[in-house]
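For reference, the structure discussed in these notes is given below.
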Amino acid sequence: MELRVLQYFLAVTREQSILGAAESLHLSQPTLSRQLKDLEEELGKQLFIRSNRRITLTEEGMILRKRAEEILSLVQKTQDEISISNEWIAGDIYIGGGESDGMRYMLKAAKKVQDEYPQVHFHMISGDKESVLEQLDHGLIDFGVLYGDFDRSKFEMLIPDYQDSFGVLMRKDDPLAAKEMIDGSDLKGKPLIISRQTYKTSMHDLALQLDLAEQDLHIAATYNLLFNGSLMVEEGMGYAICYDKIINTTGDSPLVFKPLAKQYTARPAVVWKKYQVLTKAAEKYLETFKEMQKTC
């Protein structure tokens with residue numbers, strides 16, 4: 001499977017038309033059609049459903065599109081890294097993680113690196129633990145910030161001296177907003193808005209944290225990014241279980257954050273793939289991050 005053919009394949013998925021893709025690639029339509037047919041024969045799978053109006057992807061085609069995008073992104077990242085001079089620290093650093101005030105530690109180190117090496121560019125990619133691990137594994141990001149359990153045998157890591165605390169995001173006009181802290185019993189049967197990751201993997205832990213039975217948890221909605229969760233809270237859909245210091249609740253915000261009476265804290269892990277050859281920019285960033293941790 002050639003990279004060139006993967007680029008052709010993605011062009012067709014973007015244009016949803018062989019004719020449109022051929023024009024954008026400056027190829028003849030028969031040439032492009034032949035390349036795509038050869039790709040399907042090589043894989044032994046039909047990738048497209050062809051019609052007079054447009055082309056749509058089969059299930060196998062959707063899988064290939066996702067992988068092709070990752071492969072070509074990694075190729076571009078590799079080319080950029082190799083092209084940088086050995087004497088000059090520059091390039092791109094990709095950091096993935098969920099929404100957490102703990103990301104500030106990553107950003108403080110990023111600012112320090114950029115002050116000394118302005119040609120180093122940082123790219124922050126939001127995602128849950130599952131997506132961050134996948135991107136780390138495929139080499140699409142350099143560092144990840146992860147919470148909870150994961151296969152640590154594949155990664156190097158640092159544990160910053162920092163803890164995130166959980167609580168409840170609610171409307172200021174809610175009766176529970178008058179309380180200093182929220183007991184799990186206050187939330188029994190109430191509509192809860194929780195992270196997608198918790199919903200998929202940690203419902204039992206959430207019930208323990210709130211001192212409730214799982215059947216007493218009424219999950220009204222889930223979020224991937226807490227900003228969207230906060231909009232649900234504003235619209236009165238429920239109470240968001242989340243980390244503190246992510247959503248601004250000061251000033252004229254209609255929301256307020258209340259800590260849980262039974263405190264639960266989580267420490268982030270800054271991870272990178274074992275045996276991965278880091279770029280000079282990534283090495284400098286990691287060195288800076290480690291030095292900052294020593295002085296904290």
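Here, A, B, ... name the chains of the structure tokens in the order displayed, residue numbers run from 1 inside each chain, and ligands are numbered from 1 in the same displayed order.
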Contacts of Ile82 in chain A at 10 Å (only C-alpha atoms; same-chain gap of 5+ positions) as an mmCIF file with all heavy atoms, in the first residue's frame:
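This is the output file part28.cif:
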data_model
loop_
_atom_site.group_PDB
_atom_site.id
_atom_site.type_symbol
_atom_site.label_atom_id
_atom_site.label_comp_id
_atom_site.auth_asym_id
_atom_site.auth_seq_id
_atom_site.Cartn_x
_atom_site.Cartn_y
_atom_site.Cartn_z
ATOM 1 N N LYS A 77 4.654 14.616 10.193
ATOM 2 C CA LYS A 77 5.343 14.938 11.452
ATOM 3 C C LYS A 77 6.794 14.466 11.394
ATOM 4 O O LYS A 77 7.713 15.178 11.817
ATOM 5 C CB LYS A 77 4.602 14.273 12.610
ATOM 6 C CG LYS A 77 5.108 14.618 14.000
ATOM 7 C CD LYS A 77 4.131 14.076 15.045
ATOM 8 C CE LYS A 77 4.573 14.427 16.465
ATOM 9 N NZ LYS A 77 5.676 13.636 16.955
ATOM 10 N N GLY A 91 10.490 23.385 16.037
ATOM 11 C CA GLY A 91 9.568 22.330 15.636
ATOM 12 C C GLY A 91 8.282 22.341 16.447
ATOM 13 O O GLY A 91 7.974 23.293 17.175
ATOM 14 N N THR A 279 12.228 14.331 19.614
ATOM 15 C CA THR A 279 12.905 15.398 18.873
ATOM 16 C C THR A 279 13.682 16.267 19.859
ATOM 17 O O THR A 279 13.463 16.212 21.072
ATOM 18 C CB THR A 279 11.888 16.277 18.131
ATOM 19 O OG1 THR A 279 11.061 16.942 19.099
ATOM 20 C CG2 THR A 279 11.016 15.445 17.207
#
Could you pull the residues within 9 Å of Ile247 in chain A, counting only C-alpha atoms, minus those fewer than 6 positions along the same chain, as a list in words?
-> Leu169, Leu226, Phe227, Ser230, Leu255 and Phe257 of chain A
With all heavy atoms retained, could you export that selection as a JSON list (two decimals), in the first residue's frame?
[["chain", "number", "residue", "atom", "x", "y", "z"],
["A", 169, "LEU", "N", -20.73, 20.96, 39.71],
["A", 169, "LEU", "CA", -21.03, 22.22, 39.04],
["A", 169, "LEU", "C", -22.54, 22.34, 38.92],
["A", 169, "LEU", "O", -23.20, 21.43, 38.39],
["A", 169, "LEU", "CB", -20.37, 22.24, 37.65],
["A", 169, "LEU", "CG", -20.39, 23.57, 36.89],
["A", 169, "LEU", "CD1", -19.51, 24.61, 37.58],
["A", 169, "LEU", "CD2", -19.93, 23.35, 35.45],
["A", 226, "LEU", "N", -15.86, 19.57, 29.12],
["A", 226, "LEU", "CA", -16.68, 20.11, 30.20],
["A", 226, "LEU", "C", -17.38, 21.40, 29.80],
["A", 226, "LEU", "O", -18.44, 21.72, 30.36],
["A", 226, "LEU", "CB", -15.85, 20.32, 31.46],
["A", 226, "LEU", "CG", -16.63, 20.79, 32.70],
["A", 226, "LEU", "CD1", -17.76, 19.83, 33.04],
["A", 226, "LEU", "CD2", -15.71, 20.97, 33.90],
["A", 227, "PHE", "N", -16.82, 22.15, 28.86],
["A", 227, "PHE", "CA", -17.53, 23.36, 28.43],
["A", 227, "PHE", "C", -18.94, 23.02, 27.99],
["A", 227, "PHE", "O", -19.91, 23.69, 28.34],
["A", 227, "PHE", "CB", -16.78, 24.07, 27.31],
["A", 227, "PHE", "CG", -17.51, 25.27, 26.78],
["A", 227, "PHE", "CD1", -17.57, 26.45, 27.51],
["A", 227, "PHE", "CD2", -18.20, 25.21, 25.58],
["A", 227, "PHE", "CE1", -18.27, 27.55, 27.04],
["A", 227, "PHE", "CE2", -18.91, 26.30, 25.09],
["A", 227, "PHE", "CZ", -18.94, 27.48, 25.83],
["A", 230, "SER", "N", -21.00, 22.25, 30.93],
["A", 230, "SER", "CA", -21.43, 23.44, 31.66],
["A", 230, "SER", "C", -22.65, 24.09, 31.00],
["A", 230, "SER", "O", -23.51, 24.66, 31.67],
["A", 230, "SER", "CB", -20.28, 24.45, 31.77],
["A", 230, "SER", "OG", -20.01, 25.08, 30.53],
["A", 255, "LEU", "N", -23.18, 29.95, 37.21],
["A", 255, "LEU", "CA", -22.82, 28.65, 37.77],
["A", 255, "LEU", "C", -21.98, 28.80, 39.02],
["A", 255, "LEU", "O", -21.32, 29.82, 39.24],
["A", 255, "LEU", "CB", -22.08, 27.81, 36.73],
["A", 255, "LEU", "CG", -22.77, 27.58, 35.39],
["A", 255, "LEU", "CD1", -21.89, 26.76, 34.47],
["A", 255, "LEU", "CD2", -24.12, 26.92, 35.59],
["A", 257, "PHE", "N", -19.40, 26.15, 41.70],
["A", 257, "PHE", "CA", -18.80, 24.83, 41.95],
["A", 257, "PHE", "C", -18.79, 24.59, 43.46],
["A", 257, "PHE", "O", -18.37, 25.45, 44.24],
["A", 257, "PHE", "CB", -17.37, 24.78, 41.42],
["A", 257, "PHE", "CG", -16.67, 23.46, 41.65],
["A", 257, "PHE", "CD1", -16.74, 22.45, 40.69],
["A", 257, "PHE", "CD2", -15.95, 23.22, 42.81],
["A", 257, "PHE", "CE1", -16.12, 21.23, 40.90],
["A", 257, "PHE", "CE2", -15.32, 22.01, 43.03],
["A", 257, "PHE", "CZ", -15.40, 21.01, 42.06]]
Any chance you could list, as JSON, numbers by chain, the residues in range 204-248 of chain A that come up strand (DSSP E) when DSSP is run on the backbone?
-> {"A": [218, 219, 220, 221, 222, 223, 239, 240, 241, 242, 243]}
Take the selection from the previous step and output its residues with N, CA, C and O atoms, as a PDB file, in the first residue's frame.
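Final output, again-v9.pdb:
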ATOM      1  N   HIS A 218     -28.760   8.731  38.667  1.00  0.00           N
ATOM      2  CA  HIS A 218     -29.593   9.068  37.508  1.00  0.00           C
ATOM      3  C   HIS A 218     -28.732   9.878  36.537  1.00  0.00           C
ATOM      4  O   HIS A 218     -28.505  11.068  36.728  1.00  0.00           O
ATOM      5  N   ILE A 219     -28.218   9.200  35.514  1.00  0.00           N
ATOM      6  CA  ILE A 219     -27.340   9.855  34.546  1.00  0.00           C
ATOM      7  C   ILE A 219     -28.202  10.478  33.453  1.00  0.00           C
ATOM      8  O   ILE A 219     -28.789   9.783  32.630  1.00  0.00           O
ATOM      9  N   ALA A 220     -28.262  11.796  33.475  1.00  0.00           N
ATOM     10  CA  ALA A 220     -29.091  12.509  32.499  1.00  0.00           C
ATOM     11  C   ALA A 220     -28.354  12.767  31.194  1.00  0.00           C
ATOM     12  O   ALA A 220     -28.965  12.835  30.128  1.00  0.00           O
ATOM     13  N   ALA A 221     -27.014  12.924  31.270  1.00  0.00           N
ATOM     14  CA  ALA A 221     -26.245  13.260  30.066  1.00  0.00           C
ATOM     15  C   ALA A 221     -24.768  13.015  30.331  1.00  0.00           C
ATOM     16  O   ALA A 221     -24.332  12.874  31.481  1.00  0.00           O
ATOM     17  N   THR A 222     -23.989  12.954  29.265  1.00  0.00           N
ATOM     18  CA  THR A 222     -22.532  12.850  29.377  1.00  0.00           C
ATOM     19  C   THR A 222     -21.887  13.942  28.533  1.00  0.00           C
ATOM     20  O   THR A 222     -22.510  14.505  27.623  1.00  0.00           O
ATOM     21  N   TYR A 223     -20.644  14.232  28.848  1.00  0.00           N
ATOM     22  CA  TYR A 223     -19.886  15.216  28.077  1.00  0.00           C
ATOM     23  C   TYR A 223     -18.511  14.650  27.777  1.00  0.00           C
ATOM     24  O   TYR A 223     -18.003  13.802  28.512  1.00  0.00           O
ATOM     25  N   TYR A 239     -26.733  18.259  37.232  1.00  0.00           N
ATOM     26  CA  TYR A 239     -25.550  18.626  37.998  1.00  0.00           C
ATOM     27  C   TYR A 239     -24.344  17.924  37.379  1.00  0.00           C
ATOM     28  O   TYR A 239     -24.351  16.704  37.209  1.00  0.00           O
ATOM     29  N   ALA A 240     -23.306  18.695  37.072  1.00  0.00           N
ATOM     30  CA  ALA A 240     -22.118  18.102  36.451  1.00  0.00           C
ATOM     31  C   ALA A 240     -21.118  17.684  37.525  1.00  0.00           C
ATOM     32  O   ALA A 240     -20.752  18.490  38.389  1.00  0.00           O
ATOM     33  N   ILE A 241     -20.699  16.427  37.491  1.00  0.00           N
ATOM     34  CA  ILE A 241     -19.627  15.931  38.349  1.00  0.00           C
ATOM     35  C   ILE A 241     -18.325  16.149  37.593  1.00  0.00           C
ATOM     36  O   ILE A 241     -18.139  15.623  36.494  1.00  0.00           O
ATOM     37  N   CYS A 242     -17.415  16.930  38.173  1.00  0.00           N
ATOM     38  CA  CYS A 242     -16.239  17.325  37.396  1.00  0.00           C
ATOM     39  C   CYS A 242     -15.108  17.783  38.325  1.00  0.00           C
ATOM     40  O   CYS A 242     -15.289  17.898  39.544  1.00  0.00           O
ATOM     41  N   TYR A 243     -13.970  18.071  37.713  1.00  0.00           N
ATOM     42  CA  TYR A 243     -12.848  18.660  38.441  1.00  0.00           C
ATOM     43  C   TYR A 243     -13.108  20.145  38.690  1.00  0.00           C
ATOM     44  O   TYR A 243     -13.812  20.815  37.922  1.00  0.00           O
TER      45      TYR A 243
END
Proximity check range 90-179 of chain A to range 265-274 of chain A, 8 Å, nearest pairs one decimal Å, only C-alpha atoms, as a tab-separated table:
residue	atom	partner	partner_atom	distance
A:Gly102	CA	A:Pro268	CA	7.0
A:Leu136	CA	A:Lys273	CA	6.6
A:Asp137	CA	A:Lys273	CA	7.0
A:Asp142	CA	A:Trp272	CA	6.3
A:Phe143	CA	A:Trp272	CA	4.9
A:Gly144	CA	A:Val271	CA	5.2
A:Val145	CA	A:Val270	CA	4.7
A:Leu146	CA	A:Ala269	CA	5.2
A:Tyr147	CA	A:Pro268	CA	5.0
A:Gly148	CA	A:Ala266	CA	7.6
A:Lys154	CA	A:Lys274	CA	5.8
A:Phe155	CA	A:Lys273	CA	4.5
A:Glu156	CA	A:Trp272	CA	5.5
A:Met157	CA	A:Val271	CA	4.3
A:Leu158	CA	A:Val270	CA	5.2
A:Ile159	CA	A:Ala269	CA	4.8
A:Pro160	CA	A:Pro268	CA	6.9
A:Asp161	CA	A:Arg267	CA	7.9
A:Tyr162	CA	A:Arg267	CA	6.1
A:Gln163	CA	A:Arg267	CA	4.6
A:Asp164	CA	A:Ala266	CA	5.2
A:Ser165	CA	A:Thr265	CA	4.5
A:Phe166	CA	A:Thr265	CA	6.4
Written file, previous selection with C-alpha atoms, as a short mmCIF file (atom, residue, chain, number, x, y, z; two decimals), in the first residue's frame:
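Output below, filename out-v9.cif:
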data_model
loop_
_atom_site.label_atom_id
_atom_site.label_comp_id
_atom_site.auth_asym_id
_atom_site.auth_seq_id
_atom_site.Cartn_x
_atom_site.Cartn_y
_atom_site.Cartn_z
CA GLY A 102 -3.31 20.30 36.05
CA LEU A 136 0.44 8.24 22.03
CA ASP A 137 0.60 4.65 20.83
CA ASP A 142 4.56 13.49 22.08
CA PHE A 143 3.17 13.70 25.61
CA GLY A 144 -0.09 12.91 27.33
CA VAL A 145 -1.66 13.92 30.64
CA LEU A 146 -3.62 10.98 32.03
CA TYR A 147 -5.65 10.17 35.13
CA GLY A 148 -6.67 6.83 36.58
CA LYS A 154 4.32 0.98 27.76
CA PHE A 155 5.14 4.45 29.02
CA GLU A 156 7.68 6.58 30.83
CA MET A 157 6.06 9.05 33.21
CA LEU A 158 6.35 11.83 35.73
CA ILE A 159 3.85 12.45 38.52
CA PRO A 160 3.64 16.20 39.28
CA ASP A 161 3.13 17.27 42.88
CA TYR A 162 -0.42 18.37 42.16
CA GLN A 163 -3.90 17.03 42.85
CA ASP A 164 -7.23 17.75 41.21
CA SER A 165 -10.35 17.66 43.37
CA PHE A 166 -13.83 16.59 42.33
#
How would you write, as a ChimeraX atom specification, the set of residues in range 33-237 of chain A that DSSP gives as alpha helix (DSSP H)?
-> /A:33-43,59-83,103-116,129-137,196-201,203-210,226-234
